[in-house]
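Have a look at model-v1.cif below; it lists mmCIF, N, CA and C atoms.
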```cif
data_entry
#
loop_
_atom_site.group_PDB
_atom_site.id
_atom_site.type_symbol
_atom_site.label_atom_id
_atom_site.label_comp_id
_atom_site.auth_asym_id
_atom_site.auth_seq_id
_atom_site.Cartn_x
_atom_site.Cartn_y
_atom_site.Cartn_z
ATOM 1 N N MET A 1 26.989 12.161 62.788
ATOM 2 C CA MET A 1 26.485 11.140 61.893
ATOM 3 C C MET A 1 27.475 10.963 60.746
ATOM 4 N N ALA A 2 27.822 9.722 60.464
ATOM 5 C CA ALA A 2 28.721 9.411 59.359
ATOM 6 C C ALA A 2 27.924 9.353 58.059
ATOM 7 N N GLU A 3 28.556 9.808 56.991
ATOM 8 C CA GLU A 3 27.906 9.819 55.684
ATOM 9 C C GLU A 3 28.919 9.433 54.628
ATOM 10 N N ARG A 4 28.461 8.678 53.656
ATOM 11 C CA ARG A 4 29.357 8.247 52.583
ATOM 12 C C ARG A 4 28.557 8.089 51.303
ATOM 13 N N GLN A 5 29.111 8.520 50.190
ATOM 14 C CA GLN A 5 28.464 8.306 48.901
ATOM 15 C C GLN A 5 29.133 7.141 48.208
ATOM 16 N N ALA A 6 28.318 6.422 47.423
ATOM 17 C CA ALA A 6 28.839 5.283 46.669
ATOM 18 C C ALA A 6 28.162 5.250 45.308
ATOM 19 N N THR A 7 28.925 4.883 44.300
ATOM 20 C CA THR A 7 28.394 4.740 42.947
ATOM 21 C C THR A 7 28.091 3.271 42.698
ATOM 22 N N ILE A 8 26.868 2.983 42.278
ATOM 23 C CA ILE A 8 26.437 1.607 42.038
ATOM 24 C C ILE A 8 27.207 1.035 40.846
ATOM 25 N N ALA A 9 27.969 -0.025 41.076
ATOM 26 C CA ALA A 9 28.793 -0.628 40.025
ATOM 27 C C ALA A 9 28.121 -1.825 39.364
ATOM 28 N N SER A 10 27.177 -2.439 40.031
ATOM 29 C CA SER A 10 26.519 -3.615 39.479
ATOM 30 C C SER A 10 25.806 -3.259 38.176
ATOM 31 N N ARG A 11 26.006 -4.076 37.157
ATOM 32 C CA ARG A 11 25.401 -3.806 35.849
ATOM 33 C C ARG A 11 23.884 -3.752 35.906
ATOM 34 N N VAL A 12 23.274 -4.487 36.828
ATOM 35 C CA VAL A 12 21.803 -4.510 36.932
ATOM 36 C C VAL A 12 21.298 -3.582 38.031
ATOM 37 N N GLY A 13 22.183 -2.795 38.629
ATOM 38 C CA GLY A 13 21.783 -1.915 39.715
ATOM 39 C C GLY A 13 21.528 -2.712 40.982
ATOM 40 N N LEU A 14 20.730 -2.144 41.872
ATOM 41 C CA LEU A 14 20.437 -2.829 43.145
ATOM 42 C C LEU A 14 19.164 -3.660 43.004
ATOM 43 N N HIS A 15 19.249 -4.720 42.240
ATOM 44 C CA HIS A 15 18.127 -5.622 42.025
ATOM 45 C C HIS A 15 18.574 -7.049 42.280
ATOM 46 N N ALA A 16 17.646 -7.888 42.689
ATOM 47 C CA ALA A 16 17.857 -9.327 42.873
ATOM 48 C C ALA A 16 19.112 -9.643 43.702
ATOM 49 N N ARG A 17 20.075 -10.301 43.084
ATOM 50 C CA ARG A 17 21.262 -10.767 43.813
ATOM 51 C C ARG A 17 22.048 -9.629 44.479
ATOM 52 N N PRO A 18 22.356 -8.541 43.770
ATOM 53 C CA PRO A 18 23.091 -7.459 44.436
ATOM 54 C C PRO A 18 22.328 -6.891 45.638
ATOM 55 N N ALA A 19 21.024 -6.753 45.527
ATOM 56 C CA ALA A 19 20.223 -6.232 46.642
ATOM 57 C C ALA A 19 20.286 -7.187 47.826
ATOM 58 N N LYS A 20 20.190 -8.478 47.558
ATOM 59 C CA LYS A 20 20.235 -9.490 48.624
ATOM 60 C C LYS A 20 21.578 -9.438 49.353
ATOM 61 N N LEU A 21 22.668 -9.373 48.604
ATOM 62 C CA LEU A 21 23.999 -9.309 49.213
ATOM 63 C C LEU A 21 24.176 -8.022 50.017
ATOM 64 N N PHE A 22 23.657 -6.917 49.514
ATOM 65 C CA PHE A 22 23.746 -5.650 50.228
ATOM 66 C C PHE A 22 22.977 -5.722 51.542
ATOM 67 N N ILE A 23 21.748 -6.229 51.501
ATOM 68 C CA ILE A 23 20.907 -6.334 52.700
ATOM 69 C C ILE A 23 21.565 -7.223 53.749
ATOM 70 N N GLU A 24 22.111 -8.356 53.325
ATOM 71 C CA GLU A 24 22.785 -9.256 54.265
ATOM 72 C C GLU A 24 23.929 -8.538 54.975
ATOM 73 N N THR A 25 24.662 -7.721 54.234
ATOM 74 C CA THR A 25 25.786 -6.988 54.808
ATOM 75 C C THR A 25 25.298 -5.881 55.739
ATOM 76 N N VAL A 26 24.230 -5.197 55.358
ATOM 77 C CA VAL A 26 23.656 -4.150 56.226
ATOM 78 C C VAL A 26 23.237 -4.751 57.555
ATOM 79 N N LYS A 27 22.600 -5.901 57.527
ATOM 80 C CA LYS A 27 22.081 -6.523 58.749
ATOM 81 C C LYS A 27 23.190 -6.988 59.691
ATOM 82 N N ARG A 28 24.404 -7.154 59.183
ATOM 83 C CA ARG A 28 25.536 -7.545 60.029
ATOM 84 C C ARG A 28 26.197 -6.350 60.712
ATOM 85 N N GLN A 29 25.801 -5.149 60.346
ATOM 86 C CA GLN A 29 26.436 -3.943 60.889
ATOM 87 C C GLN A 29 25.944 -3.665 62.305
ATOM 88 N N PRO A 30 26.804 -3.053 63.132
ATOM 89 C CA PRO A 30 26.425 -2.761 64.517
ATOM 90 C C PRO A 30 25.566 -1.499 64.666
ATOM 91 N N VAL A 31 25.282 -0.823 63.554
ATOM 92 C CA VAL A 31 24.515 0.431 63.592
ATOM 93 C C VAL A 31 23.436 0.396 62.509
ATOM 94 N N PRO A 32 22.331 1.119 62.730
ATOM 95 C CA PRO A 32 21.331 1.230 61.675
ATOM 96 C C PRO A 32 21.866 2.079 60.527
ATOM 97 N N VAL A 33 21.520 1.704 59.316
ATOM 98 C CA VAL A 33 22.024 2.377 58.115
ATOM 99 C C VAL A 33 20.839 2.845 57.272
ATOM 100 N N THR A 34 20.956 4.061 56.736
ATOM 101 C CA THR A 34 19.957 4.534 55.778
ATOM 102 C C THR A 34 20.624 4.713 54.422
ATOM 103 N N ILE A 35 19.791 4.698 53.384
ATOM 104 C CA ILE A 35 20.257 4.896 52.020
ATOM 105 C C ILE A 35 19.348 5.919 51.361
ATOM 106 N N GLU A 36 19.930 6.718 50.492
ATOM 107 C CA GLU A 36 19.164 7.778 49.820
ATOM 108 C C GLU A 36 19.632 7.874 48.375
ATOM 109 N N LEU A 37 18.682 8.013 47.466
ATOM 110 C CA LEU A 37 18.982 8.221 46.050
ATOM 111 C C LEU A 37 18.242 9.470 45.617
ATOM 112 N N GLY A 38 18.977 10.478 45.197
ATOM 113 C CA GLY A 38 18.341 11.728 44.774
ATOM 114 C C GLY A 38 17.548 12.347 45.905
ATOM 115 N N ASP A 39 16.285 12.636 45.639
ATOM 116 C CA ASP A 39 15.411 13.269 46.629
ATOM 117 C C ASP A 39 14.548 12.262 47.369
ATOM 118 N N SER A 40 14.950 10.995 47.390
ATOM 119 C CA SER A 40 14.132 9.948 48.015
ATOM 120 C C SER A 40 13.990 10.133 49.517
ATOM 121 N N GLY A 41 14.903 10.862 50.126
ATOM 122 C CA GLY A 41 14.919 10.949 51.579
ATOM 123 C C GLY A 41 15.572 9.710 52.135
ATOM 124 N N PRO A 42 16.010 9.745 53.389
ATOM 125 C CA PRO A 42 16.688 8.581 53.963
ATOM 126 C C PRO A 42 15.719 7.415 54.162
ATOM 127 N N LEU A 43 16.108 6.252 53.668
ATOM 128 C CA LEU A 43 15.292 5.042 53.758
ATOM 129 C C LEU A 43 16.063 3.950 54.484
ATOM 130 N N ASP A 44 15.342 3.069 55.142
ATOM 131 C CA ASP A 44 15.942 1.951 55.870
ATOM 132 C C ASP A 44 16.690 1.039 54.900
ATOM 133 N N ALA A 45 18.008 0.944 55.059
ATOM 134 C CA ALA A 45 18.823 0.151 54.146
ATOM 135 C C ALA A 45 18.759 -1.346 54.433
ATOM 136 N N SER A 46 18.071 -1.744 55.490
ATOM 137 C CA SER A 46 18.001 -3.171 55.808
ATOM 138 C C SER A 46 16.757 -3.843 55.243
ATOM 139 N N SER A 47 15.946 -3.108 54.507
ATOM 140 C CA SER A 47 14.708 -3.643 53.945
ATOM 141 C C SER A 47 14.879 -3.981 52.470
ATOM 142 N N ILE A 48 14.698 -5.231 52.119
ATOM 143 C CA ILE A 48 14.844 -5.663 50.722
ATOM 144 C C ILE A 48 13.833 -4.951 49.832
ATOM 145 N N LEU A 49 12.618 -4.755 50.324
ATOM 146 C CA LEU A 49 11.609 -4.063 49.515
ATOM 147 C C LEU A 49 12.004 -2.616 49.261
ATOM 148 N N THR A 50 12.561 -1.968 50.267
ATOM 149 C CA THR A 50 13.020 -0.591 50.114
ATOM 150 C C THR A 50 14.136 -0.512 49.089
ATOM 151 N N ILE A 51 15.089 -1.406 49.204
ATOM 152 C CA ILE A 51 16.246 -1.382 48.297
ATOM 153 C C ILE A 51 15.814 -1.633 46.861
ATOM 154 N N MET A 52 14.959 -2.613 46.657
ATOM 155 C CA MET A 52 14.542 -2.934 45.288
ATOM 156 C C MET A 52 13.642 -1.848 44.710
ATOM 157 N N SER A 53 12.835 -1.195 45.543
ATOM 158 C CA SER A 53 11.956 -0.140 45.036
ATOM 159 C C SER A 53 12.687 1.196 44.877
ATOM 160 N N LEU A 54 13.892 1.293 45.410
ATOM 161 C CA LEU A 54 14.695 2.511 45.279
ATOM 162 C C LEU A 54 14.979 2.805 43.805
ATOM 163 N N GLY A 55 15.152 1.748 43.021
ATOM 164 C CA GLY A 55 15.391 1.929 41.595
ATOM 165 C C GLY A 55 16.804 2.361 41.247
ATOM 166 N N ALA A 56 17.765 2.075 42.111
ATOM 167 C CA ALA A 56 19.157 2.459 41.852
ATOM 168 C C ALA A 56 19.730 1.607 40.726
ATOM 169 N N THR A 57 20.245 2.261 39.702
ATOM 170 C CA THR A 57 20.799 1.562 38.550
ATOM 171 C C THR A 57 22.309 1.801 38.460
ATOM 172 N N ASN A 58 22.942 1.099 37.558
ATOM 173 C CA ASN A 58 24.379 1.226 37.348
ATOM 174 C C ASN A 58 24.748 2.692 37.127
ATOM 175 N N GLY A 59 25.716 3.159 37.897
ATOM 176 C CA GLY A 59 26.197 4.531 37.771
ATOM 177 C C GLY A 59 25.513 5.533 38.682
ATOM 178 N N ASP A 60 24.386 5.142 39.298
ATOM 179 C CA ASP A 60 23.714 6.036 40.241
ATOM 180 C C ASP A 60 24.573 6.216 41.489
ATOM 181 N N VAL A 61 24.491 7.388 42.080
ATOM 182 C CA VAL A 61 25.211 7.673 43.319
ATOM 183 C C VAL A 61 24.189 7.694 44.453
ATOM 184 N N VAL A 62 24.426 6.857 45.457
ATOM 185 C CA VAL A 62 23.566 6.810 46.632
ATOM 186 C C VAL A 62 24.334 7.356 47.828
ATOM 187 N N THR A 63 23.581 7.834 48.815
ATOM 188 C CA THR A 63 24.176 8.332 50.046
ATOM 189 C C THR A 63 23.810 7.384 51.177
ATOM 190 N N LEU A 64 24.816 6.899 51.869
ATOM 191 C CA LEU A 64 24.628 6.020 53.025
ATOM 192 C C LEU A 64 24.910 6.829 54.284
ATOM 193 N N ARG A 65 24.100 6.609 55.315
ATOM 194 C CA ARG A 65 24.324 7.297 56.591
ATOM 195 C C ARG A 65 24.141 6.313 57.735
ATOM 196 N N ALA A 66 24.913 6.544 58.787
ATOM 197 C CA ALA A 66 24.798 5.732 60.000
ATOM 198 C C ALA A 66 25.304 6.561 61.171
ATOM 199 N N GLU A 67 24.833 6.206 62.345
ATOM 200 C CA GLU A 67 25.259 6.921 63.541
ATOM 201 C C GLU A 67 25.546 5.919 64.641
ATOM 202 N N GLY A 68 26.613 6.181 65.371
ATOM 203 C CA GLY A 68 26.974 5.317 66.474
ATOM 204 C C GLY A 68 28.366 4.749 66.298
ATOM 205 N N GLU A 69 28.789 4.017 67.308
ATOM 206 C CA GLU A 69 30.117 3.411 67.271
ATOM 207 C C GLU A 69 30.194 2.383 66.155
ATOM 208 N N GLY A 70 31.177 2.531 65.307
ATOM 209 C CA GLY A 70 31.353 1.627 64.185
ATOM 210 C C GLY A 70 30.699 2.118 62.902
ATOM 211 N N ALA A 71 30.124 3.324 62.925
ATOM 212 C CA ALA A 71 29.422 3.842 61.747
ATOM 213 C C ALA A 71 30.362 4.030 60.557
ATOM 214 N N ASP A 72 31.537 4.596 60.787
ATOM 215 C CA ASP A 72 32.467 4.834 59.675
ATOM 216 C C ASP A 72 32.897 3.526 59.027
ATOM 217 N N ALA A 73 33.219 2.535 59.823
ATOM 218 C CA ALA A 73 33.634 1.237 59.283
ATOM 219 C C ALA A 73 32.485 0.558 58.547
ATOM 220 N N ALA A 74 31.287 0.666 59.096
ATOM 221 C CA ALA A 74 30.113 0.061 58.451
ATOM 222 C C ALA A 74 29.886 0.678 57.077
ATOM 223 N N LEU A 75 29.945 2.000 57.002
ATOM 224 C CA LEU A 75 29.721 2.667 55.726
ATOM 225 C C LEU A 75 30.829 2.381 54.730
ATOM 226 N N ALA A 76 32.053 2.260 55.205
ATOM 227 C CA ALA A 76 33.167 1.918 54.310
ATOM 228 C C ALA A 76 32.944 0.542 53.697
ATOM 229 N N GLU A 77 32.521 -0.425 54.511
ATOM 230 C CA GLU A 77 32.268 -1.772 53.991
ATOM 231 C C GLU A 77 31.116 -1.768 52.998
ATOM 232 N N LEU A 78 30.040 -1.075 53.332
ATOM 233 C CA LEU A 78 28.866 -1.051 52.459
ATOM 234 C C LEU A 78 29.147 -0.310 51.156
ATOM 235 N N ALA A 79 29.855 0.801 51.231
ATOM 236 C CA ALA A 79 30.201 1.545 50.020
ATOM 237 C C ALA A 79 31.098 0.690 49.120
ATOM 238 N N GLY A 80 32.052 -0.010 49.724
ATOM 239 C CA GLY A 80 32.915 -0.891 48.946
ATOM 240 C C GLY A 80 32.127 -1.976 48.229
ATOM 241 N N LEU A 81 31.117 -2.493 48.895
ATOM 242 C CA LEU A 81 30.271 -3.518 48.297
ATOM 243 C C LEU A 81 29.494 -2.945 47.111
ATOM 244 N N LEU A 82 28.902 -1.781 47.288
ATOM 245 C CA LEU A 82 28.127 -1.164 46.211
ATOM 246 C C LEU A 82 29.010 -0.778 45.015
ATOM 247 N N GLU A 83 30.256 -0.478 45.278
ATOM 248 C CA GLU A 83 31.169 -0.062 44.217
ATOM 249 C C GLU A 83 31.854 -1.240 43.541
ATOM 250 N N THR A 84 31.374 -2.445 43.842
ATOM 251 C CA THR A 84 31.861 -3.658 43.218
ATOM 252 C C THR A 84 30.756 -4.225 42.340
ATOM 253 N N ASP A 85 31.102 -4.706 41.154
ATOM 254 C CA ASP A 85 30.083 -5.323 40.292
ATOM 255 C C ASP A 85 29.731 -6.682 40.874
ATOM 256 N N LEU A 86 28.638 -6.741 41.615
ATOM 257 C CA LEU A 86 28.246 -7.952 42.315
ATOM 258 C C LEU A 86 27.711 -9.035 41.388
ATOM 259 N N ASP A 87 27.540 -8.704 40.117
ATOM 260 C CA ASP A 87 27.094 -9.694 39.147
ATOM 261 C C ASP A 87 28.237 -10.209 38.284
ATOM 262 N N ALA A 88 29.434 -9.697 38.505
ATOM 263 C CA ALA A 88 30.577 -10.168 37.727
ATOM 264 C C ALA A 88 30.851 -11.622 38.056
ATOM 265 N N GLU A 89 31.221 -12.356 37.053
ATOM 266 C CA GLU A 89 31.491 -13.783 37.272
ATOM 267 C C GLU A 89 32.941 -14.034 37.543
#
```

Could you render the structure as structure tokens?
Amino acid sequence: MAERQATIASRVGLHARPAKLFIETVKRQPVPVTIELGDSGPLDASSILTIMSLGATNGDVVTLRAEGEGADAALAELAGLLETDLDAE
């Protein structure tokens, strides 16, 4: 199983627009992806409700996991997205 940590760069955390962009990217991946913040346990990263209720804020470190062919590339893309300020103009 591939695993990658990412620090949330968006000033508003994973809410509204950043969450929507993240979910859209997760759904394009060839493998299922989970996300975890602290002791939350692995959660489905393709669910907008899950992502918004996660409560990830700027500077939080989340753990992404995926298994299967293309997992490493999927996590690299998703981590890169989370480490970008998606609200920057």

As a list of chain:residue names, please: every residue in chain A that a backbone DSSP assignment puts in strand (DSSP E).
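Secondary structure check on chain A, strand (DSSP E): A:Ala2, A:Glu3, A:Arg4, A:Gln5, A:Ala6, A:Thr7, A:Val33, A:Thr34, A:Ile35, A:Glu36, A:Leu37, A:Leu43, A:Asp44, A:Val61, A:Val62, A:Thr63, A:Leu64, A:Arg65, A:Ala66.
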
The PyMOL selection byres ((chain A and resi 47-60) around 6.5) - which residues does that actually catch in the file I just gave you? List them as a PyMOL selection string.
chain A and resi 6-16+19+23+44-46+61-62

Give the helix (DSSP H, G or I) residues of region 3-89 of chain A, as DSSP finds them on the backbone, and put them as a compact mmCIF listing (two decimals) with N, CA and C atoms, keeping the file's coordinate frame.
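Saved to states-v4.txt:
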```
# COMPACT_ATOMS: atom_id res chain seq x y z
N ALA A 16 17.65 -7.89 42.69
CA ALA A 16 17.86 -9.33 42.87
C ALA A 16 19.11 -9.64 43.70
N ARG A 17 20.08 -10.30 43.08
CA ARG A 17 21.26 -10.77 43.81
C ARG A 17 22.05 -9.63 44.48
N PRO A 18 22.36 -8.54 43.77
CA PRO A 18 23.09 -7.46 44.44
C PRO A 18 22.33 -6.89 45.64
N ALA A 19 21.02 -6.75 45.53
CA ALA A 19 20.22 -6.23 46.64
C ALA A 19 20.29 -7.19 47.83
N LYS A 20 20.19 -8.48 47.56
CA LYS A 20 20.24 -9.49 48.62
C LYS A 20 21.58 -9.44 49.35
N LEU A 21 22.67 -9.37 48.60
CA LEU A 21 24.00 -9.31 49.21
C LEU A 21 24.18 -8.02 50.02
N PHE A 22 23.66 -6.92 49.51
CA PHE A 22 23.75 -5.65 50.23
C PHE A 22 22.98 -5.72 51.54
N ILE A 23 21.75 -6.23 51.50
CA ILE A 23 20.91 -6.33 52.70
C ILE A 23 21.56 -7.22 53.75
N GLU A 24 22.11 -8.36 53.32
CA GLU A 24 22.78 -9.26 54.26
C GLU A 24 23.93 -8.54 54.98
N THR A 25 24.66 -7.72 54.23
CA THR A 25 25.79 -6.99 54.81
C THR A 25 25.30 -5.88 55.74
N VAL A 26 24.23 -5.20 55.36
CA VAL A 26 23.66 -4.15 56.23
C VAL A 26 23.24 -4.75 57.56
N LYS A 27 22.60 -5.90 57.53
CA LYS A 27 22.08 -6.52 58.75
C LYS A 27 23.19 -6.99 59.69
N ILE A 48 14.70 -5.23 52.12
CA ILE A 48 14.84 -5.66 50.72
C ILE A 48 13.83 -4.95 49.83
N LEU A 49 12.62 -4.76 50.32
CA LEU A 49 11.61 -4.06 49.52
C LEU A 49 12.00 -2.62 49.26
N THR A 50 12.56 -1.97 50.27
CA THR A 50 13.02 -0.59 50.11
C THR A 50 14.14 -0.51 49.09
N ILE A 51 15.09 -1.41 49.20
CA ILE A 51 16.25 -1.38 48.30
C ILE A 51 15.81 -1.63 46.86
N MET A 52 14.96 -2.61 46.66
CA MET A 52 14.54 -2.93 45.29
C MET A 52 13.64 -1.85 44.71
N SER A 53 12.84 -1.20 45.54
CA SER A 53 11.96 -0.14 45.04
C SER A 53 12.69 1.20 44.88
N LEU A 54 13.89 1.29 45.41
CA LEU A 54 14.70 2.51 45.28
C LEU A 54 14.98 2.80 43.80
N ALA A 71 30.12 3.32 62.92
CA ALA A 71 29.42 3.84 61.75
C ALA A 71 30.36 4.03 60.56
N ASP A 72 31.54 4.60 60.79
CA ASP A 72 32.47 4.83 59.68
C ASP A 72 32.90 3.53 59.03
N ALA A 73 33.22 2.54 59.82
CA ALA A 73 33.63 1.24 59.28
C ALA A 73 32.48 0.56 58.55
N ALA A 74 31.29 0.67 59.10
CA ALA A 74 30.11 0.06 58.45
C ALA A 74 29.89 0.68 57.08
N LEU A 75 29.94 2.00 57.00
CA LEU A 75 29.72 2.67 55.73
C LEU A 75 30.83 2.38 54.73
N ALA A 76 32.05 2.26 55.20
CA ALA A 76 33.17 1.92 54.31
C ALA A 76 32.94 0.54 53.70
N GLU A 77 32.52 -0.42 54.51
CA GLU A 77 32.27 -1.77 53.99
C GLU A 77 31.12 -1.77 53.00
N LEU A 78 30.04 -1.08 53.33
CA LEU A 78 28.87 -1.05 52.46
C LEU A 78 29.15 -0.31 51.16
N ALA A 79 29.86 0.80 51.23
CA ALA A 79 30.20 1.54 50.02
C ALA A 79 31.10 0.69 49.12
N GLY A 80 32.05 -0.01 49.72
CA GLY A 80 32.92 -0.89 48.95
C GLY A 80 32.13 -1.98 48.23
N LEU A 81 31.12 -2.49 48.90
CA LEU A 81 30.27 -3.52 48.30
C LEU A 81 29.49 -2.94 47.11
N LEU A 82 28.90 -1.78 47.29
CA LEU A 82 28.13 -1.16 46.21
C LEU A 82 29.01 -0.78 45.02
```

Write out as a VMD selection string each polymer residue whose atoms come within 6.5 Å of Arg4 (chain A), counting all atoms listed in the file; drop sequence neighbours fewer than 6 positions from it.
chain A and resid 62 to 65 75

Nearest residue to Arg28 (chain A) out of A:Leu86, A:Ala74, A:Glu67, A:Gly80, using all atoms listed in the file?
A:Ala74

Selected by the PyMOL selection byres (((chain A and resi 29 and name CA) around 12) and name CA) in the shown coordinates: which residues, as a VMD selection string?
chain A and resid 22 to 28 30 to 34 45 to 46 66 to 78

Specify the axis-aligned box that encloses all atoms of region 36-45 of chain A listed in the file after padding of 3 Å on each side, stating its centre and edge lengths in Å to one decimal as lines of an AutoDock Vina configuration file.
```
center_x = 17.0
center_y = 6.0
center_z = 50.3
size_x = 11.9
size_y = 20.6
size_z = 17.1
```

Mind pulling up the distance from CA of Asp87 (chain A) to atom N of Asp39 (chain A)?
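Rounded to one decimal, the two atoms are 25.6 Å apart.
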
Enter the distance from atom N of Leu82 (chain A) to atom N of Met1 (chain A), in Å, rounded to one decimal.
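Atom N of Met1 (chain A) lies at a distance of 20.9 Å from atom N of Leu82 (chain A).
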
To one decimal place, how far is atom C of Thr84 (chain A) from atom C of Pro18 (chain A) in Å?
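So the two atoms, atom C of Thr84 (chain A) and atom C of Pro18 (chain A), lie 9.4 Å apart.
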
Reconstructed region 23-34 of chain A, atom set N, CA, C and O atoms, as an mmCIF file, in the frame of the given file:
```cif
data_model
loop_
_atom_site.group_PDB
_atom_site.id
_atom_site.type_symbol
_atom_site.label_atom_id
_atom_site.label_comp_id
_atom_site.auth_asym_id
_atom_site.auth_seq_id
_atom_site.Cartn_x
_atom_site.Cartn_y
_atom_site.Cartn_z
ATOM 1 N N ILE A 23 21.748 -6.229 51.501
ATOM 2 C CA ILE A 23 20.907 -6.334 52.700
ATOM 3 C C ILE A 23 21.565 -7.223 53.749
ATOM 4 O O ILE A 23 21.564 -6.902 54.942
ATOM 5 N N GLU A 24 22.111 -8.356 53.325
ATOM 6 C CA GLU A 24 22.785 -9.256 54.265
ATOM 7 C C GLU A 24 23.929 -8.538 54.975
ATOM 8 O O GLU A 24 24.137 -8.710 56.176
ATOM 9 N N THR A 25 24.662 -7.721 54.234
ATOM 10 C CA THR A 25 25.786 -6.988 54.808
ATOM 11 C C THR A 25 25.298 -5.881 55.739
ATOM 12 O O THR A 25 25.870 -5.668 56.811
ATOM 13 N N VAL A 26 24.230 -5.197 55.358
ATOM 14 C CA VAL A 26 23.656 -4.150 56.226
ATOM 15 C C VAL A 26 23.237 -4.751 57.555
ATOM 16 O O VAL A 26 23.503 -4.186 58.625
ATOM 17 N N LYS A 27 22.600 -5.901 57.527
ATOM 18 C CA LYS A 27 22.081 -6.523 58.749
ATOM 19 C C LYS A 27 23.190 -6.988 59.691
ATOM 20 O O LYS A 27 22.955 -7.171 60.878
ATOM 21 N N ARG A 28 24.404 -7.154 59.183
ATOM 22 C CA ARG A 28 25.536 -7.545 60.029
ATOM 23 C C ARG A 28 26.197 -6.350 60.712
ATOM 24 O O ARG A 28 27.079 -6.522 61.551
ATOM 25 N N GLN A 29 25.801 -5.149 60.346
ATOM 26 C CA GLN A 29 26.436 -3.943 60.889
ATOM 27 C C GLN A 29 25.944 -3.665 62.305
ATOM 28 O O GLN A 29 24.797 -3.955 62.634
ATOM 29 N N PRO A 30 26.804 -3.053 63.132
ATOM 30 C CA PRO A 30 26.425 -2.761 64.517
ATOM 31 C C PRO A 30 25.566 -1.499 64.666
ATOM 32 O O PRO A 30 25.179 -1.149 65.779
ATOM 33 N N VAL A 31 25.282 -0.823 63.554
ATOM 34 C CA VAL A 31 24.515 0.431 63.592
ATOM 35 C C VAL A 31 23.436 0.396 62.509
ATOM 36 O O VAL A 31 23.585 -0.268 61.488
ATOM 37 N N PRO A 32 22.331 1.119 62.730
ATOM 38 C CA PRO A 32 21.331 1.230 61.675
ATOM 39 C C PRO A 32 21.866 2.079 60.527
ATOM 40 O O PRO A 32 22.589 3.054 60.753
ATOM 41 N N VAL A 33 21.520 1.704 59.316
ATOM 42 C CA VAL A 33 22.024 2.377 58.115
ATOM 43 C C VAL A 33 20.839 2.845 57.272
ATOM 44 O O VAL A 33 19.860 2.117 57.116
ATOM 45 N N THR A 34 20.956 4.061 56.736
ATOM 46 C CA THR A 34 19.957 4.534 55.778
ATOM 47 C C THR A 34 20.624 4.713 54.422
ATOM 48 O O THR A 34 21.846 4.848 54.319
#
```
